[in-house]
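The file input-v2.cif comes next; it holds mmCIF, C-alpha atoms and all ligand atoms.
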```
data_start
#
loop_
_atom_site.group_PDB
_atom_site.id
_atom_site.type_symbol
_atom_site.label_atom_id
_atom_site.label_comp_id
_atom_site.auth_asym_id
_atom_site.auth_seq_id
_atom_site.Cartn_x
_atom_site.Cartn_y
_atom_site.Cartn_z
ATOM 1 C CA MET A 1 -98.074 141.416 19.287
ATOM 2 C CA GLU A 2 -100.020 138.992 21.374
ATOM 3 C CA ILE A 3 -97.998 136.902 23.823
ATOM 4 C CA ILE A 4 -99.636 133.657 24.902
ATOM 5 C CA ILE A 5 -97.801 131.976 27.773
ATOM 6 C CA GLN A 6 -98.855 128.393 28.450
ATOM 7 C CA SER A 7 -97.701 125.970 31.135
ATOM 8 C CA ASP A 8 -95.749 123.825 28.680
ATOM 9 C CA ALA A 9 -95.002 123.270 25.015
ATOM 10 C CA VAL A 10 -97.855 120.798 24.586
ATOM 11 C CA ALA A 11 -100.448 123.303 25.836
ATOM 12 C CA ALA A 12 -98.940 126.085 23.698
ATOM 13 C CA SER A 13 -98.880 123.842 20.617
ATOM 14 C CA ARG A 14 -102.511 122.822 21.138
ATOM 15 C CA ALA A 15 -103.547 126.454 21.537
ATOM 16 C CA SER A 16 -101.767 127.372 18.300
ATOM 17 C CA ALA A 17 -103.312 124.365 16.509
ATOM 18 C CA ARG A 18 -106.775 125.670 17.395
ATOM 19 C CA LEU A 19 -105.959 128.809 15.406
ATOM 20 C CA VAL A 20 -104.857 126.755 12.410
ATOM 21 C CA ALA A 21 -108.000 124.627 12.663
ATOM 22 C CA ARG A 22 -110.251 127.648 12.888
ATOM 23 C CA LEU A 23 -108.667 129.160 9.777
ATOM 24 C CA VAL A 24 -108.926 125.919 7.773
ATOM 25 C CA ARG A 25 -112.583 125.466 8.775
ATOM 26 C CA GLU A 26 -113.439 129.043 7.826
ATOM 27 C CA LYS A 27 -111.308 129.033 4.665
ATOM 28 C CA PRO A 28 -110.911 125.478 3.326
ATOM 29 C CA ASN A 29 -108.470 126.661 0.650
ATOM 30 C CA ALA A 30 -106.272 128.469 3.192
ATOM 31 C CA VAL A 31 -102.587 128.971 2.408
ATOM 32 C CA LEU A 32 -100.326 127.962 5.294
ATOM 33 C CA GLY A 33 -96.683 128.936 5.663
ATOM 34 C CA LEU A 34 -94.829 126.199 7.529
ATOM 35 C CA ALA A 35 -91.596 125.803 9.478
ATOM 36 C CA THR A 36 -89.365 122.846 10.295
ATOM 37 C CA GLY A 37 -87.128 122.148 13.304
ATOM 38 C CA SER A 38 -88.062 120.815 16.733
ATOM 39 C CA THR A 39 -90.466 123.560 17.698
ATOM 40 C CA PRO A 40 -93.486 122.934 15.420
ATOM 41 C CA LEU A 41 -93.476 119.142 15.879
ATOM 42 C CA MET A 42 -96.204 119.157 18.534
ATOM 43 C CA LEU A 43 -98.298 121.572 16.501
ATOM 44 C CA TYR A 44 -98.051 119.166 13.550
ATOM 45 C CA LYS A 45 -98.983 116.215 15.802
ATOM 46 C CA GLU A 46 -102.061 118.120 16.914
ATOM 47 C CA MET A 47 -102.973 119.012 13.302
ATOM 48 C CA ILE A 48 -102.728 115.305 12.467
ATOM 49 C CA ARG A 49 -104.961 114.451 15.443
ATOM 50 C CA LEU A 50 -107.486 117.097 14.382
ATOM 51 C CA HIS A 51 -107.524 115.580 10.896
ATOM 52 C CA LYS A 52 -107.858 111.973 12.054
ATOM 53 C CA GLU A 53 -110.235 112.452 14.986
ATOM 54 C CA GLU A 54 -112.157 115.600 14.124
ATOM 55 C CA GLY A 55 -112.130 115.459 10.338
ATOM 56 C CA LEU A 56 -110.105 118.633 9.764
ATOM 57 C CA ASP A 57 -109.898 118.702 5.984
ATOM 58 C CA PHE A 58 -106.655 119.705 4.272
ATOM 59 C CA SER A 59 -107.726 118.635 0.777
ATOM 60 C CA ARG A 60 -107.852 122.209 -0.508
ATOM 61 C CA VAL A 61 -105.130 123.682 1.706
ATOM 62 C CA ALA A 62 -101.873 124.836 0.106
ATOM 63 C CA THR A 63 -98.576 125.112 1.974
ATOM 64 C CA PHE A 64 -95.326 126.969 1.482
ATOM 65 C CA ASN A 65 -92.348 126.117 3.652
ATOM 66 C CA LEU A 66 -90.007 128.774 4.910
ATOM 67 C CA ASP A 67 -86.733 127.247 3.889
ATOM 68 C CA GLU A 68 -84.636 124.385 2.581
ATOM 69 C CA TYR A 69 -80.946 123.515 2.698
ATOM 70 C CA ILE A 70 -78.976 123.971 -0.507
ATOM 71 C CA GLY A 71 -77.340 120.814 -1.811
ATOM 72 C CA LEU A 72 -79.567 118.207 -0.155
ATOM 73 C CA GLU A 73 -81.667 116.044 -2.476
ATOM 74 C CA LYS A 74 -85.365 115.967 -1.622
ATOM 75 C CA ASP A 75 -85.073 112.399 -0.323
ATOM 76 C CA HIS A 76 -82.062 113.193 1.912
ATOM 77 C CA PRO A 77 -83.064 112.238 5.477
ATOM 78 C CA GLN A 78 -82.330 115.773 6.711
ATOM 79 C CA SER A 79 -83.920 117.733 3.876
ATOM 80 C CA TYR A 80 -86.854 119.821 4.965
ATOM 81 C CA TYR A 81 -88.869 118.116 2.222
ATOM 82 C CA THR A 82 -88.345 114.782 4.009
ATOM 83 C CA PHE A 83 -89.031 116.402 7.380
ATOM 84 C CA MET A 84 -92.385 117.781 6.238
ATOM 85 C CA TRP A 85 -93.567 114.558 4.612
ATOM 86 C CA GLU A 86 -92.537 112.473 7.628
ATOM 87 C CA ASN A 87 -93.931 114.769 10.281
ATOM 88 C CA LEU A 88 -97.070 116.155 8.671
ATOM 89 C CA PHE A 89 -97.971 115.751 5.017
ATOM 90 C CA SER A 90 -98.043 111.938 4.885
ATOM 91 C CA GLN A 91 -100.523 111.890 7.769
ATOM 92 C CA ILE A 92 -103.095 114.419 6.559
ATOM 93 C CA ASN A 93 -105.133 114.556 3.346
ATOM 94 C CA ILE A 94 -103.104 117.299 1.680
ATOM 95 C CA LYS A 95 -102.608 117.020 -2.077
ATOM 96 C CA PRO A 96 -98.926 116.703 -3.077
ATOM 97 C CA GLU A 97 -99.423 119.336 -5.791
ATOM 98 C CA ASN A 98 -100.496 121.849 -3.116
ATOM 99 C CA VAL A 99 -97.262 121.449 -1.142
ATOM 100 C CA HIS A 100 -94.372 123.818 -1.864
ATOM 101 C CA LEU A 101 -90.820 123.963 -0.544
ATOM 102 C CA PRO A 102 -87.880 125.929 -1.900
ATOM 103 C CA ASP A 103 -85.789 123.780 -4.250
ATOM 104 C CA GLY A 104 -82.449 123.193 -2.578
ATOM 105 C CA MET A 105 -81.097 121.543 -5.754
ATOM 106 C CA ALA A 106 -82.115 124.332 -8.157
ATOM 107 C CA LYS A 107 -79.563 124.963 -10.905
ATOM 108 C CA ASP A 108 -80.557 128.620 -11.146
ATOM 109 C CA VAL A 109 -81.102 129.648 -7.534
ATOM 110 C CA PRO A 110 -82.193 133.282 -8.132
ATOM 111 C CA ALA A 111 -84.748 132.171 -10.780
ATOM 112 C CA SER A 112 -86.039 129.441 -8.491
ATOM 113 C CA CYS A 113 -86.392 131.950 -5.613
ATOM 114 C CA ALA A 114 -88.265 134.408 -7.845
ATOM 115 C CA ALA A 115 -90.576 131.585 -8.976
ATOM 116 C CA TYR A 116 -91.259 130.705 -5.307
ATOM 117 C CA GLU A 117 -92.318 134.283 -4.595
ATOM 118 C CA GLN A 118 -94.570 134.216 -7.670
ATOM 119 C CA ALA A 119 -96.133 130.925 -6.587
ATOM 120 C CA ILE A 120 -97.023 132.431 -3.203
ATOM 121 C CA ILE A 121 -98.668 135.391 -4.939
ATOM 122 C CA ALA A 122 -100.484 133.095 -7.404
ATOM 123 C CA ALA A 123 -101.865 131.093 -4.459
ATOM 124 C CA GLY A 124 -103.355 134.292 -3.017
ATOM 125 C CA GLY A 125 -100.690 134.993 -0.405
ATOM 126 C CA ILE A 126 -100.039 133.244 2.895
ATOM 127 C CA ASP A 127 -102.941 133.366 5.352
ATOM 128 C CA LEU A 128 -101.078 132.029 8.359
ATOM 129 C CA GLN A 129 -97.330 131.661 8.702
ATOM 130 C CA VAL A 130 -95.921 129.315 11.364
ATOM 131 C CA LEU A 131 -92.535 130.442 12.696
ATOM 132 C CA GLY A 132 -89.970 129.108 15.113
ATOM 133 C CA ILE A 133 -87.116 131.322 16.276
ATOM 134 C CA GLY A 134 -83.398 130.662 16.306
ATOM 135 C CA SER A 135 -81.388 131.278 19.453
ATOM 136 C CA ASP A 136 -79.890 134.228 17.523
ATOM 137 C CA GLY A 137 -83.340 135.597 16.674
ATOM 138 C CA HIS A 138 -83.583 134.297 13.099
ATOM 139 C CA ILE A 139 -86.938 133.581 11.477
ATOM 140 C CA GLY A 140 -86.876 131.303 8.483
ATOM 141 C CA PHE A 141 -83.131 131.369 7.927
ATOM 142 C CA ASN A 142 -83.014 135.146 7.981
ATOM 143 C CA GLU A 143 -79.964 135.474 10.153
ATOM 144 C CA PRO A 144 -79.023 138.660 12.056
ATOM 145 C CA THR A 145 -78.559 141.693 9.772
ATOM 146 C CA SER A 146 -80.909 140.255 7.127
ATOM 147 C CA SER A 147 -82.801 143.009 5.380
ATOM 148 C CA PHE A 148 -86.314 143.555 6.641
ATOM 149 C CA ALA A 149 -87.304 143.993 2.976
ATOM 150 C CA SER A 150 -85.743 140.704 1.835
ATOM 151 C CA ARG A 151 -87.563 138.181 -0.346
ATOM 152 C CA THR A 152 -86.857 134.485 -0.969
ATOM 153 C CA ARG A 153 -83.137 134.100 -1.627
ATOM 154 C CA ILE A 154 -79.950 132.252 -0.755
ATOM 155 C CA LYS A 155 -78.505 132.835 2.725
ATOM 156 C CA THR A 156 -75.449 131.644 4.590
ATOM 157 C CA LEU A 157 -76.157 130.200 8.038
ATOM 158 C CA THR A 158 -74.327 131.623 11.020
ATOM 159 C CA GLN A 159 -71.893 129.364 12.850
ATOM 160 C CA GLN A 160 -74.340 129.426 15.775
ATOM 161 C CA THR A 161 -77.139 128.034 13.593
ATOM 162 C CA VAL A 162 -74.826 125.396 12.115
ATOM 163 C CA GLN A 163 -73.959 124.353 15.693
ATOM 164 C CA ASP A 164 -77.624 124.404 16.782
ATOM 165 C CA ASN A 165 -78.701 122.259 13.818
ATOM 166 C CA ALA A 166 -75.846 119.747 14.050
ATOM 167 C CA ARG A 167 -78.123 117.727 16.359
ATOM 168 C CA PHE A 168 -80.102 116.703 13.268
ATOM 169 C CA PHE A 169 -76.884 115.565 11.501
ATOM 170 C CA ASP A 170 -75.531 113.062 14.076
ATOM 171 C CA GLY A 171 -74.066 115.982 16.024
ATOM 172 C CA ASP A 172 -71.563 116.503 13.205
ATOM 173 C CA GLU A 173 -71.287 120.190 12.263
ATOM 174 C CA SER A 174 -69.330 119.336 9.124
ATOM 175 C CA LYS A 175 -72.437 117.629 7.697
ATOM 176 C CA VAL A 176 -74.669 120.704 8.103
ATOM 177 C CA PRO A 177 -75.009 122.629 4.824
ATOM 178 C CA HIS A 178 -73.887 126.229 5.221
ATOM 179 C CA HIS A 179 -76.271 127.591 2.613
ATOM 180 C CA CYS A 180 -80.010 127.563 2.372
ATOM 181 C CA ILE A 181 -82.882 129.125 0.494
ATOM 182 C CA THR A 182 -85.219 131.016 2.769
ATOM 183 C CA MET A 183 -88.292 133.155 2.389
ATOM 184 C CA GLY A 184 -87.277 136.719 3.115
ATOM 185 C CA ILE A 185 -88.409 138.833 6.032
ATOM 186 C CA GLY A 186 -90.506 140.849 3.571
ATOM 187 C CA THR A 187 -92.164 137.599 2.452
ATOM 188 C CA ILE A 188 -92.914 136.633 6.059
ATOM 189 C CA MET A 189 -94.275 140.102 6.820
ATOM 190 C CA ASP A 190 -96.717 139.766 3.900
ATOM 191 C CA ALA A 191 -98.466 136.832 5.599
ATOM 192 C CA ARG A 192 -101.862 137.840 6.981
ATOM 193 C CA MET A 193 -101.087 136.277 10.351
ATOM 194 C CA ASN A 194 -97.779 135.258 11.890
ATOM 195 C CA LEU A 195 -97.809 132.608 14.558
ATOM 196 C CA MET A 196 -94.495 132.188 16.343
ATOM 197 C CA LEU A 197 -93.736 129.295 18.670
ATOM 198 C CA ALA A 198 -90.800 129.176 21.100
ATOM 199 C CA PHE A 199 -90.143 126.667 23.835
ATOM 200 C CA GLY A 200 -87.457 126.172 26.453
ATOM 201 C CA ALA A 201 -84.998 128.322 28.354
ATOM 202 C CA GLY A 202 -82.651 128.456 25.357
ATOM 203 C CA LYS A 203 -85.151 130.679 23.538
ATOM 204 C CA ALA A 204 -85.930 133.010 26.478
ATOM 205 C CA GLY A 205 -83.376 135.686 25.520
ATOM 206 C CA ALA A 206 -84.427 135.764 21.854
ATOM 207 C CA VAL A 207 -88.119 135.878 22.818
ATOM 208 C CA ALA A 208 -87.612 138.807 25.204
ATOM 209 C CA ALA A 209 -85.535 140.712 22.637
ATOM 210 C CA THR A 210 -88.146 140.018 19.952
ATOM 211 C CA VAL A 211 -91.130 141.122 21.996
ATOM 212 C CA GLU A 212 -89.736 143.842 24.246
ATOM 213 C CA GLY A 213 -86.477 144.937 22.644
ATOM 214 C CA PRO A 214 -85.912 147.479 19.908
ATOM 215 C CA VAL A 215 -86.799 146.531 16.337
ATOM 216 C CA CYS A 216 -83.379 145.794 15.002
ATOM 217 C CA ALA A 217 -81.809 143.818 12.164
ATOM 218 C CA MET A 218 -79.559 142.120 14.734
ATOM 219 C CA MET A 219 -82.739 140.456 16.091
ATOM 220 C CA PRO A 220 -84.646 139.615 12.879
ATOM 221 C CA ALA A 221 -87.785 138.359 14.683
ATOM 222 C CA SER A 222 -88.232 141.789 16.302
ATOM 223 C CA ILE A 223 -89.721 143.013 12.999
ATOM 224 C CA LEU A 224 -92.866 141.136 14.040
ATOM 225 C CA GLN A 225 -93.580 144.122 16.307
ATOM 226 C CA HIS A 226 -94.570 145.829 13.048
ATOM 227 C CA HIS A 227 -96.889 143.027 11.938
ATOM 228 C CA PRO A 228 -100.594 143.680 12.513
ATOM 229 C CA VAL A 229 -101.411 140.092 13.583
ATOM 230 C CA ALA A 230 -98.400 138.450 15.248
ATOM 231 C CA LYS A 231 -99.104 135.870 17.953
ATOM 232 C CA VAL A 232 -96.310 134.402 20.046
ATOM 233 C CA PHE A 233 -97.027 131.066 21.762
ATOM 234 C CA ILE A 234 -94.442 130.222 24.410
ATOM 235 C CA ASP A 235 -94.007 127.953 27.408
ATOM 236 C CA GLU A 236 -93.039 129.124 30.900
ATOM 237 C CA ALA A 237 -89.327 128.464 30.298
ATOM 238 C CA ALA A 238 -89.254 130.674 27.204
ATOM 239 C CA ALA A 239 -91.108 133.417 29.097
ATOM 240 C CA THR A 240 -88.584 133.841 31.907
ATOM 241 C CA ALA A 241 -86.753 136.870 30.467
ATOM 242 C CA LEU A 242 -89.904 138.866 29.660
ATOM 243 C CA GLN A 243 -90.397 141.990 31.770
ATOM 244 C CA LEU A 244 -94.152 142.107 31.310
ATOM 245 C CA SER A 245 -95.000 138.405 31.534
ATOM 246 C CA ASP A 246 -97.637 139.016 34.233
ATOM 247 C CA TYR A 247 -99.326 141.568 31.986
ATOM 248 C CA TYR A 248 -99.447 139.087 29.075
ATOM 249 C CA ARG A 249 -100.972 136.445 31.364
ATOM 250 C CA TRP A 250 -103.530 138.967 32.617
ATOM 251 C CA ILE A 251 -104.524 139.922 29.065
ATOM 252 C CA TYR A 252 -104.946 136.280 28.045
ATOM 253 C CA ALA A 253 -106.935 135.373 31.161
ATOM 254 C CA GLY A 254 -109.304 138.284 30.506
ATOM 255 C CA LYS A 255 -109.971 137.508 26.840
ATOM 256 C CA PRO A 256 -113.605 136.973 25.995
ATOM 257 C CA GLU A 257 -114.366 133.376 24.958
ATOM 258 C CA TRP A 258 -115.123 134.303 21.325
ATOM 259 C CA GLN A 259 -111.678 135.860 20.957
ATOM 260 C CA ARG A 260 -109.680 132.914 22.330
ATOM 261 C CA ASP A 261 -109.018 131.037 19.103
ATOM 262 C CA ALA A 262 -109.129 134.113 16.910
HETATM 263 C C1 LIG A 301 -87.019 126.205 10.179
HETATM 264 C C2 LIG A 301 -86.818 127.603 10.452
HETATM 265 C C3 LIG A 301 -85.992 128.061 11.599
HETATM 266 C C4 LIG A 301 -86.340 127.376 12.904
HETATM 267 C C5 LIG A 301 -85.411 127.837 14.018
HETATM 268 C C6 LIG A 301 -85.701 127.149 15.329
HETATM 269 O O1 LIG A 301 -87.857 126.032 9.037
HETATM 270 O O2 LIG A 301 -87.319 128.402 9.728
HETATM 271 O O3 LIG A 301 -86.140 129.451 11.749
HETATM 272 O O4 LIG A 301 -87.667 127.658 13.234
HETATM 273 O O5 LIG A 301 -84.079 127.584 13.649
HETATM 274 O O6 LIG A 301 -85.405 125.787 15.211
HETATM 275 P P1 LIG A 301 -85.846 124.767 16.340
HETATM 276 O O7 LIG A 301 -87.330 124.736 16.317
HETATM 277 O O8 LIG A 301 -85.280 123.451 15.895
HETATM 278 O O9 LIG A 301 -85.307 125.272 17.619
#
```
Representation of the structure as structure tokens:
Amino acid sequence: MEIIIQSDAVAASRASARLVARLVREKPNAVLGLATGSTPLMLYKEMIRLHKEEGLDFSRVATFNLDEYIGLEKDHPQSYYTFMWENLFSQINIKPENVHLPDGMAKDVPASCAAYEQAIIAAGGIDLQVLGIGSDGHIGFNEPTSSFASRTRIKTLTQQTVQDNARFFDGDESKVPHHCITMGIGTIMDARMNLMLAFGAGKAGAVAATVEGPVCAMMPASILQHHPVAKVFIDEAAATALQLSDYYRWIYAGKPEWQRDA
């Protein structure tokens, strides 16, 4: 794993956006795995800026989102479909037919999940997967004890995640769906690169357990220790519980220029 500690979330988001931009320039038909939530918002802002000001072209890019709530219509204000169109897709030149999210209204959920996995394979697999991390260590909505071999499927959110996400539903936990469809940990591990973002003191414990703790189903993100190209972009607040933070800073400072956005 590569741990990139930046002064703040803006700097970390810009650094991660440079990786996305490099991939899209080198591979115009790149397949991006995307996340929702607060964490990737600045990355998406920077991708929009790169498109508008530097001509970054998304016309051949395909995207697959990690997850979607079950029971919310696409046009529900809190659906992840709405989130992605509001915060990214409507402001870049991506083609609607190249955008994929799990179908939270599917009648046959297992069939819809299997079709999602097949669509990822048909697109050539995910080149770069953007991840946030839950305070309980979830990636996608793979909550603690999720199988490391799991594929796209239905999951039940933990009470902690329902509480954490109530802020998007007027602070009302009763409005937060308890079920979702999420890519599995096996699906995430198949991505060629995983790029995790985590900001703020509330993520410090999960980040330290992910990077320096044992690989353990109780901390789903810790499986990224087994991924060949996992990059973790964090701000100072999220780095406070790391034992080897000075080492990670030293590595980053000593990187040759050509390797910086690689
Ligand atoms: C969202 C997702 C989740 C979030 C995580 C952190 O698509 O997959 O794993 O990344 O819950 O959420 P925020 O960024 O809101 O703290």
Answer key for the PyMOL selection byres (((not hetatm)) within 9 of (chain A and resi 301)), residues as a PyMOL selection string: chain A and resi 34-41+65-68+80+130-143+161+164-165+168+182-183+196-199+202-203
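Residue neighbourhood of Ile234 of chain A, excluding near-sequence residues (fewer than 4 positions): Ile3, Ile4, Ile5, Gln6, Asp8, Ala9, Ala12, Leu197, Ala198, Phe199, Ala238 and Ala239 of chain A, at 8 Å, using all atoms listed in the file.
Residues matching the PyMOL selection byres (((chain A and resi 163) around 12) and not hetatm) in this structure come to Gly134, Ser135, Asp136, Leu157, Thr158, Gln159, Gln160, Thr161, Val162, Asp164, Asn165, Ala166, Arg167, Phe168, Phe169, Asp170, Gly171, Asp172, Glu173, Ser174, Lys175, Val176, Pro177 and His178 of chain A.
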Output check: residues returned by the PyMOL selection byres (((chain A and resi 247-262) around 12) and not hetatm), as a PyMOL selection string: chain A and resi 1-7+14-23+26+128+193+195+211-212+229-236+239+242-246
Selection: 7 Å around Asn98 of chain A, all atoms listed in the file, excl. self and same-chain fewer than 5 positions, as a PDB file with C-alpha atoms, keeping the file's coordinate frame:
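Written output follows (out_26.pdb):
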```
ATOM      1  CA  VAL A  61    -105.130 123.682   1.706  1.00  0.00           C
ATOM      2  CA  ALA A  62    -101.873 124.836   0.106  1.00  0.00           C
ATOM      3  CA  THR A  63     -98.576 125.112   1.974  1.00  0.00           C
TER       4      THR A  63
END
```
Residue nearest Ala208 of chain A - candidates A:His100, A:Ala221, A:Tyr116, A:Pro77, atoms counted: all atoms listed in the file: A:Ala221
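Atom pair atom CA of Thr145 of chain A / atom CA of Gly184 of chain A: separated by 12.0 Å.
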Residue nearest Gln91 of chain A - candidates A:Ile185, A:Ala209, A:Ile70, A:Ile48, atoms counted: only C-alpha atoms: A:Ile48
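The smallest atom-to-atom distance between Val109 of chain A and any of A:Ser147, A:Thr82, A:Thr152, A:Gln225, using only C-alpha atoms, is found for A:Thr152.
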Selected residue, from A:Ile121, A:Ile181, A:Val24, A:Leu56, that lies nearest to Leu101 of chain A when counting only C-alpha atoms: A:Ile181
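The nearest approach to Arg192 of chain A among the residues A:Ile154, A:Leu32, A:Ala241, A:Cys180, with all atoms listed in the file taken into account, belongs to A:Leu32.
Relative to atom CA of Ala11 of chain A, atom CA of Gly125 of chain A is found at 28.7 Å.
The space separating atom CA of Gly124 of chain A from atom CA of Lys155 of chain A comes to 25.5 Å.
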